[in-house]
>>> print(open('input-v1.txt').read())   # compact mmCIF, C-alpha atoms
# COMPACT_ATOMS: atom_id res chain seq x y z
CA MET A 1 49.62 85.90 -46.08
CA HIS A 2 52.17 85.89 -43.28
CA ILE A 3 51.12 83.92 -40.21
CA ASP A 4 51.61 86.90 -37.89
CA ALA A 5 49.42 89.13 -40.07
CA ALA A 6 46.61 86.59 -40.27
CA THR A 7 46.80 86.01 -36.53
CA GLN A 8 46.57 89.71 -35.77
CA LEU A 9 43.54 90.15 -38.03
CA LEU A 10 41.68 87.40 -36.17
CA LEU A 11 42.71 88.67 -32.74
CA ASP A 12 41.65 92.21 -33.66
CA ALA A 13 38.26 90.91 -34.80
CA ARG A 14 37.88 88.94 -31.58
CA LEU A 15 38.74 91.98 -29.42
CA SER A 16 36.74 94.58 -31.36
CA ARG A 17 33.69 92.30 -31.94
CA VAL A 18 33.72 93.57 -35.53
CA ALA A 19 33.54 90.75 -38.06
CA LEU A 20 36.50 90.35 -40.40
CA ASP A 21 35.71 89.93 -44.09
CA TRP A 22 36.93 86.38 -44.75
CA ARG A 23 38.34 87.49 -48.11
CA ARG A 24 41.00 89.47 -46.23
CA LEU A 25 42.26 86.31 -44.52
CA ALA A 26 44.41 84.83 -47.29
CA VAL A 27 45.14 81.45 -45.71
CA GLY A 28 45.72 78.88 -48.43
CA ASP A 29 46.37 75.50 -46.82
CA ALA A 30 45.97 73.44 -43.66
CA ALA A 31 49.56 73.91 -42.48
CA THR A 32 49.18 77.68 -42.50
CA ALA A 33 45.76 77.50 -40.85
CA TYR A 34 47.12 75.32 -38.04
CA ALA A 35 50.06 77.70 -37.55
CA VAL A 36 47.62 80.61 -37.22
CA GLN A 37 45.63 78.59 -34.67
CA ASP A 38 48.76 78.04 -32.60
CA ALA A 39 49.77 81.69 -32.79
CA GLN A 40 46.35 82.77 -31.51
CA LEU A 41 46.53 80.40 -28.55
CA HIS A 42 49.82 81.98 -27.53
CA ARG A 43 47.78 85.15 -26.95
CA LEU A 44 44.46 83.67 -25.80
CA GLY A 45 45.92 81.53 -23.04
CA PRO A 46 46.63 77.87 -22.40
CA VAL A 47 45.10 75.03 -24.38
CA GLY A 48 42.23 73.50 -22.41
CA GLY A 49 41.31 70.91 -25.01
CA TRP A 50 40.81 70.12 -28.67
CA LYS A 51 37.95 69.87 -31.10
CA VAL A 52 38.15 67.31 -33.87
CA GLY A 53 35.72 66.38 -36.59
CA SER A 54 35.52 63.97 -39.48
CA LYS A 55 33.11 63.58 -42.37
CA GLY A 56 33.36 59.81 -42.01
CA ASP A 57 34.21 59.42 -45.69
CA GLY A 58 37.90 58.62 -45.41
CA SER A 59 39.02 62.23 -45.75
CA THR A 60 41.48 63.71 -43.27
CA PRO A 61 39.86 65.02 -40.06
CA ALA A 62 40.24 68.63 -38.99
CA CYS A 63 40.96 70.01 -35.54
CA ALA A 64 41.57 73.11 -33.46
CA PRO A 65 42.93 73.80 -29.98
CA LEU A 66 40.42 75.22 -27.49
CA PRO A 67 41.29 78.05 -25.09
CA LEU A 68 40.97 76.91 -21.49
CA ALA A 69 39.04 80.09 -20.67
CA GLY A 70 36.25 79.01 -23.03
CA ILE A 71 35.61 75.59 -21.48
CA LEU A 72 32.69 76.27 -19.16
CA PRO A 73 30.41 74.34 -16.78
CA SER A 74 26.80 73.39 -17.47
CA GLY A 75 24.31 76.09 -16.51
CA VAL A 76 26.53 78.99 -17.55
CA GLN A 77 24.94 82.17 -18.90
CA LEU A 78 26.88 83.66 -21.80
CA THR A 79 26.89 87.43 -21.94
CA GLY A 80 28.33 90.04 -24.25
CA PRO A 81 28.27 91.14 -27.89
CA GLN A 82 30.59 88.36 -29.04
CA TRP A 83 27.67 85.91 -29.09
CA ARG A 84 26.24 86.86 -32.46
CA MET A 85 25.59 83.53 -34.17
CA ARG A 86 24.67 81.59 -31.03
CA GLY A 87 25.21 78.37 -32.94
CA LEU A 88 24.77 75.13 -31.02
CA GLU A 89 26.09 71.60 -31.56
CA VAL A 90 25.53 68.73 -29.13
CA GLU A 91 28.69 66.66 -28.84
CA LEU A 92 30.34 63.78 -27.04
CA ALA A 93 33.49 64.85 -25.20
CA LEU A 94 36.21 62.88 -23.43
CA ARG A 95 38.55 63.95 -20.64
CA VAL A 96 42.26 63.16 -20.81
CA GLY A 97 43.29 61.38 -17.62
CA ARG A 98 47.07 61.51 -18.02
CA ASP A 99 49.68 63.23 -20.12
CA TYR A 100 49.95 61.38 -23.41
CA ASP A 101 52.38 61.57 -26.32
CA PRO A 102 52.15 58.73 -28.88
CA GLY A 103 54.80 60.21 -31.14
CA ASP A 104 54.58 59.40 -34.83
CA ARG A 105 52.16 56.48 -34.59
CA LEU A 106 48.43 55.82 -34.50
CA PRO A 107 47.32 54.27 -31.19
CA ASP A 108 44.57 51.68 -31.12
CA GLU A 109 41.33 51.79 -29.15
CA VAL A 110 42.73 49.78 -26.23
CA GLU A 111 45.57 52.24 -25.74
CA LEU A 112 43.35 55.27 -26.14
CA ARG A 113 40.89 53.96 -23.56
CA SER A 114 43.74 53.93 -21.05
CA VAL A 115 44.31 57.64 -21.72
CA PHE A 116 40.78 58.91 -21.04
CA ASP A 117 39.22 58.86 -17.59
CA ALA A 118 35.71 60.18 -18.37
CA ILE A 119 33.14 61.06 -21.02
CA LEU A 120 31.01 64.19 -20.84
CA PRO A 121 27.98 65.64 -22.62
CA ALA A 122 28.88 68.92 -24.28
CA ILE A 123 27.44 71.82 -26.23
CA GLU A 124 29.85 73.57 -28.54
CA VAL A 125 28.86 77.17 -29.06
CA VAL A 126 29.66 78.02 -32.67
CA GLU A 127 30.88 81.55 -33.37
CA THR A 128 33.04 83.02 -36.07
CA ARG A 129 35.21 86.09 -36.27
CA LEU A 130 34.65 86.08 -40.05
CA GLY A 131 32.06 88.18 -41.85
CA GLN A 132 30.50 88.09 -45.32
CA GLN A 133 29.15 84.60 -44.76
CA PRO A 134 29.10 82.01 -46.14
CA CYS A 135 32.87 81.75 -46.00
CA GLY A 136 34.25 80.58 -49.31
CA ASN A 137 37.66 79.59 -47.95
CA PRO A 138 37.73 76.51 -45.68
CA TRP A 139 41.31 77.31 -44.62
CA ALA A 140 40.21 80.69 -43.29
CA ALA A 141 37.51 79.00 -41.21
CA MET A 142 40.09 76.50 -39.96
CA ALA A 143 42.39 79.33 -38.96
CA ASP A 144 39.48 80.83 -37.01
CA LEU A 145 39.64 77.83 -34.63
CA LEU A 146 37.02 76.08 -36.79
CA CYS A 147 34.43 78.64 -35.68
CA HIS A 148 34.80 77.76 -32.00
CA GLY A 149 33.14 80.03 -29.46
CA ALA A 150 32.93 78.02 -26.24
CA LEU A 151 32.52 74.47 -24.97
CA VAL A 152 29.99 73.89 -22.20
CA THR A 153 30.29 70.52 -20.47
CA GLY A 154 28.11 68.46 -18.16
CA GLN A 155 29.12 66.06 -15.42
CA PRO A 156 31.84 63.51 -16.25
CA GLN A 157 30.90 59.84 -16.35
CA ALA A 158 32.97 56.67 -16.53
CA LEU A 159 33.72 55.32 -20.00
CA PRO A 160 31.27 52.56 -20.91
CA ASP A 161 32.46 49.22 -22.23
CA THR A 162 31.24 50.17 -25.69
CA LEU A 163 31.51 53.71 -27.01
CA ALA A 164 30.69 54.62 -30.61
CA LEU A 165 29.27 57.71 -32.26
CA ALA A 166 27.12 55.51 -34.51
CA THR A 167 24.97 54.54 -31.52
CA THR A 168 25.08 57.83 -29.60
CA VAL A 169 21.61 59.26 -28.93
CA ALA A 170 21.55 63.07 -28.66
CA SER A 171 18.83 65.64 -28.11
CA LEU A 172 18.56 69.41 -28.05
CA HIS A 173 15.77 71.59 -26.66
CA ILE A 174 15.55 75.38 -26.87
CA ASP A 175 13.02 77.12 -24.64
CA GLY A 176 11.47 73.70 -23.98
CA GLN A 177 10.96 72.93 -27.67
CA GLN A 178 12.73 69.96 -29.19
CA LYS A 179 15.02 71.04 -32.01
CA ALA A 180 16.92 67.80 -32.63
CA HIS A 181 16.85 64.15 -31.63
CA THR A 182 19.32 61.86 -33.36
CA THR A 183 20.89 58.43 -33.17
CA GLY A 184 24.28 58.22 -34.82
CA GLY A 185 24.03 61.79 -36.06
CA ASN A 186 27.81 62.15 -36.11
CA PRO A 187 29.26 60.20 -39.08
CA ALA A 188 32.79 59.97 -37.69
CA ASP A 189 34.42 56.71 -36.62
CA LEU A 190 35.34 57.69 -33.06
CA TRP A 191 38.50 55.76 -32.22
CA PRO A 192 40.34 56.17 -35.55
CA MET A 193 39.53 59.90 -35.42
CA LEU A 194 40.92 60.17 -31.89
CA ALA A 195 44.01 58.23 -32.96
CA TRP A 196 44.55 60.71 -35.80
CA LEU A 197 44.18 63.62 -33.37
CA ALA A 198 46.59 62.13 -30.81
CA ARG A 199 49.26 61.70 -33.48
CA HIS A 200 48.54 65.13 -35.01
CA CYS A 201 48.88 66.89 -31.65
CA SER A 202 52.11 65.05 -30.89
CA LEU A 203 53.67 65.96 -34.24
CA ARG A 204 52.45 69.52 -33.75
CA GLY A 205 54.41 69.71 -30.50
CA GLN A 206 51.29 69.85 -28.36
CA PRO A 207 50.65 66.35 -26.97
CA TRP A 208 47.61 65.90 -24.77
CA ARG A 209 47.80 66.94 -21.13
CA ALA A 210 45.85 65.55 -18.18
CA GLY A 211 42.57 67.39 -17.72
CA GLN A 212 42.18 68.49 -21.33
CA ILE A 213 38.80 67.97 -22.97
CA ILE A 214 38.52 66.42 -26.44
CA THR A 215 35.23 67.07 -28.22
CA THR A 216 34.37 64.97 -31.23
CA GLY A 217 31.98 66.79 -33.56
CA SER A 218 28.28 67.47 -33.81
CA CYS A 219 25.71 64.76 -33.17
CA THR A 220 22.76 67.04 -33.97
CA GLY A 221 23.83 69.37 -36.74
CA LEU A 222 23.91 73.11 -36.21
CA GLU A 223 21.02 74.89 -34.49
CA HIS A 224 20.69 78.51 -33.35
CA ALA A 225 19.19 80.09 -30.24
CA ARG A 226 17.82 83.54 -29.59
CA ALA A 227 19.11 85.47 -26.61
CA GLY A 228 17.30 84.92 -23.32
CA LEU A 229 16.28 81.31 -24.00
CA LEU A 230 17.33 78.19 -22.09
CA VAL A 231 19.30 75.66 -24.12
CA GLU A 232 19.16 72.07 -22.86
CA ALA A 233 20.94 69.09 -24.40
CA ALA A 234 21.51 65.48 -23.42
CA LEU A 235 23.35 62.37 -24.49
CA ALA A 236 21.52 59.18 -23.55
CA GLN A 237 23.32 57.25 -20.79
CA VAL A 238 25.81 60.12 -20.42
CA GLY A 239 23.80 63.02 -19.07
CA PRO A 240 22.44 66.55 -19.56
CA VAL A 241 24.13 69.87 -20.20
CA SER A 242 22.62 73.36 -20.44
CA LEU A 243 23.37 77.01 -21.06
CA SER A 244 21.65 80.29 -21.82
CA PHE A 245 22.47 83.52 -23.61
CA ALA A 246 21.75 86.77 -21.78
CA ASN A 247 19.38 89.27 -23.39
>>> encode(input="input-v1.txt", output="structure tokens")
Amino acid sequence: MHIDAATQLLLDARLSRVALDWRRLAVGDAATAYAVQDAQLHRLGPVGGWKVGSKGDGSTPACAPLPLAGILPSGVQLTGPQWRMRGLEVELALRVGRDYDPGDRLPDEVELRSVFDAILPAIEVVETRLGQQPCGNPWAAMADLLCHGALVTGQPQALPDTLALATTVASLHIDGQQKAHTTGGNPADLWPMLAWLARHCSLRGQPWRAGQIITTGSCTGLEHARAGLLVEAALAQVGPVSLSFAN
């Protein structure tokens, strides 16, 4: 499928709020999926950040640019018919403190630490423009910004001396009921994954810019909320973050 055609199908689904049958999105590899991501962001507005995830098994991570308009402050109420899944993932995010372009190399942890100026607790709201779930084509899901709906962030905090996903403690409550409490729930190795993303973005012609938010994958797995309920999450020693969906 031509990149322009795939892009238009996803944008039409986003605008109409009518799910697109994933079988119509004939995206067959990562390069095409990433090209479709980029083409959508040309229409959706500037890149406000990136999401990256890794299975922690040595396989290549996956990523997607995040529209700036969808990066929202803690306490936001999300309204409208586009919030169908209302999926929730508690994540550790980092803020880019300066423009950064490593070129075709993998930076180490020391260098990366000099790039970020804060960590933040975050809730990624998971939504898809694709219907007929489950999606049987991972490249179609990648083209759909890896099912990104919004990123809600709490207050920024200084980077601690030690920062690893293996020791990150995360919790999620919906309507006051605990839905998840994990330690090391994200299997990714944080700094190598961020190094991969920095290089990937550079080679993709989109190096990191100051103020962008990098979110690093779910610490709690995927949970869902009904409309009208308060969603509260926290990362130990980082802070809380919350949102709600309007009825």
>>> closest_residue(input="input-v1.txt", among="A:Asp161, A:Asp104, A:Glu124, A:Asp175", to="Leu230 in chain A", atoms="all atoms listed in the file")
A:Asp175
>>> residues_around(input="input-v1.txt", residues="range 82-86 of chain A", least_positions_apart="4", cutoff="10 Å", atoms="all atoms listed in the file", output="ChimeraX atom specification")
/A:13-19,78,124-129,149-150,222-227,244-246
>>> write_last_selection(input="input-v1.txt", atoms="C-alpha atoms", output="PDB file, in the coordinates of the input")
ATOM      1  CA  ALA A  13      38.260  90.910 -34.800  1.00  0.00           C
ATOM      2  CA  ARG A  14      37.880  88.940 -31.580  1.00  0.00           C
ATOM      3  CA  LEU A  15      38.740  91.980 -29.420  1.00  0.00           C
ATOM      4  CA  SER A  16      36.740  94.580 -31.360  1.00  0.00           C
ATOM      5  CA  ARG A  17      33.690  92.300 -31.940  1.00  0.00           C
ATOM      6  CA  VAL A  18      33.720  93.570 -35.530  1.00  0.00           C
ATOM      7  CA  ALA A  19      33.540  90.750 -38.060  1.00  0.00           C
ATOM      8  CA  LEU A  78      26.880  83.660 -21.800  1.00  0.00           C
ATOM      9  CA  GLU A 124      29.850  73.570 -28.540  1.00  0.00           C
ATOM     10  CA  VAL A 125      28.860  77.170 -29.060  1.00  0.00           C
ATOM     11  CA  VAL A 126      29.660  78.020 -32.670  1.00  0.00           C
ATOM     12  CA  GLU A 127      30.880  81.550 -33.370  1.00  0.00           C
ATOM     13  CA  THR A 128      33.040  83.020 -36.070  1.00  0.00           C
ATOM     14  CA  ARG A 129      35.210  86.090 -36.270  1.00  0.00           C
ATOM     15  CA  GLY A 149      33.140  80.030 -29.460  1.00  0.00           C
ATOM     16  CA  ALA A 150      32.930  78.020 -26.240  1.00  0.00           C
ATOM     17  CA  LEU A 222      23.910  73.110 -36.210  1.00  0.00           C
ATOM     18  CA  GLU A 223      21.020  74.890 -34.490  1.00  0.00           C
ATOM     19  CA  HIS A 224      20.690  78.510 -33.350  1.00  0.00           C
ATOM     20  CA  ALA A 225      19.190  80.090 -30.240  1.00  0.00           C
ATOM     21  CA  ARG A 226      17.820  83.540 -29.590  1.00  0.00           C
ATOM     22  CA  ALA A 227      19.110  85.470 -26.610  1.00  0.00           C
ATOM     23  CA  SER A 244      21.650  80.290 -21.820  1.00  0.00           C
ATOM     24  CA  PHE A 245      22.470  83.520 -23.610  1.00  0.00           C
ATOM     25  CA  ALA A 246      21.750  86.770 -21.780  1.00  0.00           C
TER      26      ALA A 246
END
>>> closest_residue(input="input-v1.txt", among="A:His200, A:His42, A:His173, A:His181", to="Cys219 in chain A", atoms="only C-alpha atoms")
A:His181
>>> atom_distance(input="input-v1.txt", atom1="CA of Gly28 in chain A", atom2="CA of Gly53 in chain A")
19.9 Å
>>> atom_distance(input="input-v1.txt", atom1="CA of Pro81 in chain A", atom2="CA of Leu10 in chain A")
16.2 Å
>>> atom_distance(input="input-v1.txt", atom1="CA of Pro207 in chain A", atom2="CA of Ala164 in chain A")
23.4 Å
>>> closest_residue(input="input-v1.txt", among="A:Thr168, A:Ser74, A:Ser59, A:Gln133", to="Thr216 in chain A", atoms="all atoms listed in the file")
A:Thr168
>>> residues_around(input="input-v1.txt", residues="Val27 in chain A", least_positions_apart="5", cutoff="12 Å", atoms="only C-alpha atoms", output="PDB file with C-alpha atoms, keeping the file's coordinate frame")
ATOM      1  CA  MET A   1      49.620  85.900 -46.080  1.00  0.00           C
ATOM      2  CA  HIS A   2      52.170  85.890 -43.280  1.00  0.00           C
ATOM      3  CA  ILE A   3      51.120  83.920 -40.210  1.00  0.00           C
ATOM      4  CA  ASP A   4      51.610  86.900 -37.890  1.00  0.00           C
ATOM      5  CA  ALA A   5      49.420  89.130 -40.070  1.00  0.00           C
ATOM      6  CA  ALA A   6      46.610  86.590 -40.270  1.00  0.00           C
ATOM      7  CA  THR A   7      46.800  86.010 -36.530  1.00  0.00           C
ATOM      8  CA  LEU A   9      43.540  90.150 -38.030  1.00  0.00           C
ATOM      9  CA  LEU A  10      41.680  87.400 -36.170  1.00  0.00           C
ATOM     10  CA  TRP A  22      36.930  86.380 -44.750  1.00  0.00           C
ATOM     11  CA  THR A  32      49.180  77.680 -42.500  1.00  0.00           C
ATOM     12  CA  ALA A  33      45.760  77.500 -40.850  1.00  0.00           C
ATOM     13  CA  TYR A  34      47.120  75.320 -38.040  1.00  0.00           C
ATOM     14  CA  ALA A  35      50.060  77.700 -37.550  1.00  0.00           C
ATOM     15  CA  VAL A  36      47.620  80.610 -37.220  1.00  0.00           C
ATOM     16  CA  GLN A  37      45.630  78.590 -34.670  1.00  0.00           C
ATOM     17  CA  GLY A 136      34.250  80.580 -49.310  1.00  0.00           C
ATOM     18  CA  ASN A 137      37.660  79.590 -47.950  1.00  0.00           C
ATOM     19  CA  PRO A 138      37.730  76.510 -45.680  1.00  0.00           C
ATOM     20  CA  TRP A 139      41.310  77.310 -44.620  1.00  0.00           C
ATOM     21  CA  ALA A 140      40.210  80.690 -43.290  1.00  0.00           C
ATOM     22  CA  ALA A 141      37.510  79.000 -41.210  1.00  0.00           C
ATOM     23  CA  MET A 142      40.090  76.500 -39.960  1.00  0.00           C
ATOM     24  CA  ALA A 143      42.390  79.330 -38.960  1.00  0.00           C
ATOM     25  CA  ASP A 144      39.480  80.830 -37.010  1.00  0.00           C
TER      26      ASP A 144
END
>>> residues_near_point(input="input-v1.txt", point="(34.2, 69.1, -22.9)", cutoff="7 Å", atoms="only C-alpha atoms", output="ChimeraX atom specification")
/A:71,93-94,120,122,151-153,213-215
>>> residues_around(input="input-v1.txt", residues="Gly239 in chain A", least_positions_apart="4", cutoff="12 Å", atoms="all atoms listed in the file", output="short mmCIF file (atom, residue, chain, number, x, y, z; two decimals) with C-alpha atoms, in the frame of the given file")
data_model
loop_
_atom_site.label_atom_id
_atom_site.label_comp_id
_atom_site.auth_asym_id
_atom_site.auth_seq_id
_atom_site.Cartn_x
_atom_site.Cartn_y
_atom_site.Cartn_z
CA SER A 74 26.80 73.39 -17.47
CA VAL A 90 25.53 68.73 -29.13
CA GLU A 91 28.69 66.66 -28.84
CA LEU A 92 30.34 63.78 -27.04
CA ALA A 93 33.49 64.85 -25.20
CA ILE A 119 33.14 61.06 -21.02
CA LEU A 120 31.01 64.19 -20.84
CA PRO A 121 27.98 65.64 -22.62
CA ALA A 122 28.88 68.92 -24.28
CA ILE A 123 27.44 71.82 -26.23
CA THR A 153 30.29 70.52 -20.47
CA GLY A 154 28.11 68.46 -18.16
CA GLN A 155 29.12 66.06 -15.42
CA PRO A 156 31.84 63.51 -16.25
CA GLN A 157 30.90 59.84 -16.35
CA ALA A 158 32.97 56.67 -16.53
CA THR A 168 25.08 57.83 -29.60
CA VAL A 169 21.61 59.26 -28.93
CA ALA A 170 21.55 63.07 -28.66
CA SER A 171 18.83 65.64 -28.11
CA GLU A 232 19.16 72.07 -22.86
CA ALA A 233 20.94 69.09 -24.40
CA ALA A 234 21.51 65.48 -23.42
CA LEU A 235 23.35 62.37 -24.49
#
>>> decode(input="input-v1.txt", residues="range 12-24 of chain A", atoms="N, CA, C and O atoms", output="tab-separated table (two decimals), in the first residue's frame")
chain	number	residue	atom	x	y	z
A	12	ASP	N	-8.50	9.69	8.19
A	12	ASP	CA	-9.97	9.68	8.03
A	12	ASP	C	-10.63	9.00	9.22
A	12	ASP	O	-11.66	9.46	9.74
A	13	ALA	N	-10.04	7.89	9.68
A	13	ALA	CA	-10.59	7.18	10.84
A	13	ALA	C	-10.50	8.05	12.09
A	13	ALA	O	-11.41	8.07	12.92
A	14	ARG	N	-9.40	8.77	12.23
A	14	ARG	CA	-9.23	9.65	13.38
A	14	ARG	C	-10.27	10.77	13.36
A	14	ARG	O	-10.87	11.10	14.39
A	15	LEU	N	-10.51	11.36	12.20
A	15	LEU	CA	-11.44	12.48	12.09
A	15	LEU	C	-12.89	12.04	12.22
A	15	LEU	O	-13.70	12.68	12.89
A	16	SER	N	-13.24	10.91	11.60
A	16	SER	CA	-14.63	10.45	11.59
A	16	SER	C	-15.03	9.73	12.86
A	16	SER	O	-16.21	9.56	13.14
A	17	ARG	N	-14.04	9.27	13.65
A	17	ARG	CA	-14.27	8.43	14.84
A	17	ARG	C	-14.85	7.06	14.47
A	17	ARG	O	-15.39	6.36	15.33
A	18	VAL	N	-14.74	6.69	13.21
A	18	VAL	CA	-15.21	5.38	12.76
A	18	VAL	C	-13.98	4.49	12.59
A	18	VAL	O	-13.06	4.82	11.83
A	19	ALA	N	-13.97	3.36	13.30
A	19	ALA	CA	-12.80	2.49	13.28
A	19	ALA	C	-12.55	1.94	11.88
A	19	ALA	O	-13.48	1.60	11.14
A	20	LEU	N	-11.28	1.86	11.52
A	20	LEU	CA	-10.84	1.33	10.25
A	20	LEU	C	-10.51	-0.15	10.40
A	20	LEU	O	-9.73	-0.53	11.28
A	21	ASP	N	-11.09	-0.99	9.58
A	21	ASP	CA	-10.76	-2.42	9.59
A	21	ASP	C	-9.26	-2.57	9.31
A	21	ASP	O	-8.77	-2.14	8.26
A	22	TRP	N	-8.53	-3.15	10.26
A	22	TRP	CA	-7.07	-3.23	10.13
A	22	TRP	C	-6.65	-3.97	8.87
A	22	TRP	O	-5.54	-3.74	8.34
A	23	ARG	N	-7.51	-4.83	8.34
A	23	ARG	CA	-7.16	-5.60	7.15
A	23	ARG	C	-7.07	-4.71	5.91
A	23	ARG	O	-6.49	-5.12	4.89
A	24	ARG	N	-7.63	-3.52	5.98
A	24	ARG	CA	-7.53	-2.57	4.86
A	24	ARG	C	-6.21	-1.82	4.87
A	24	ARG	O	-5.86	-1.18	3.88
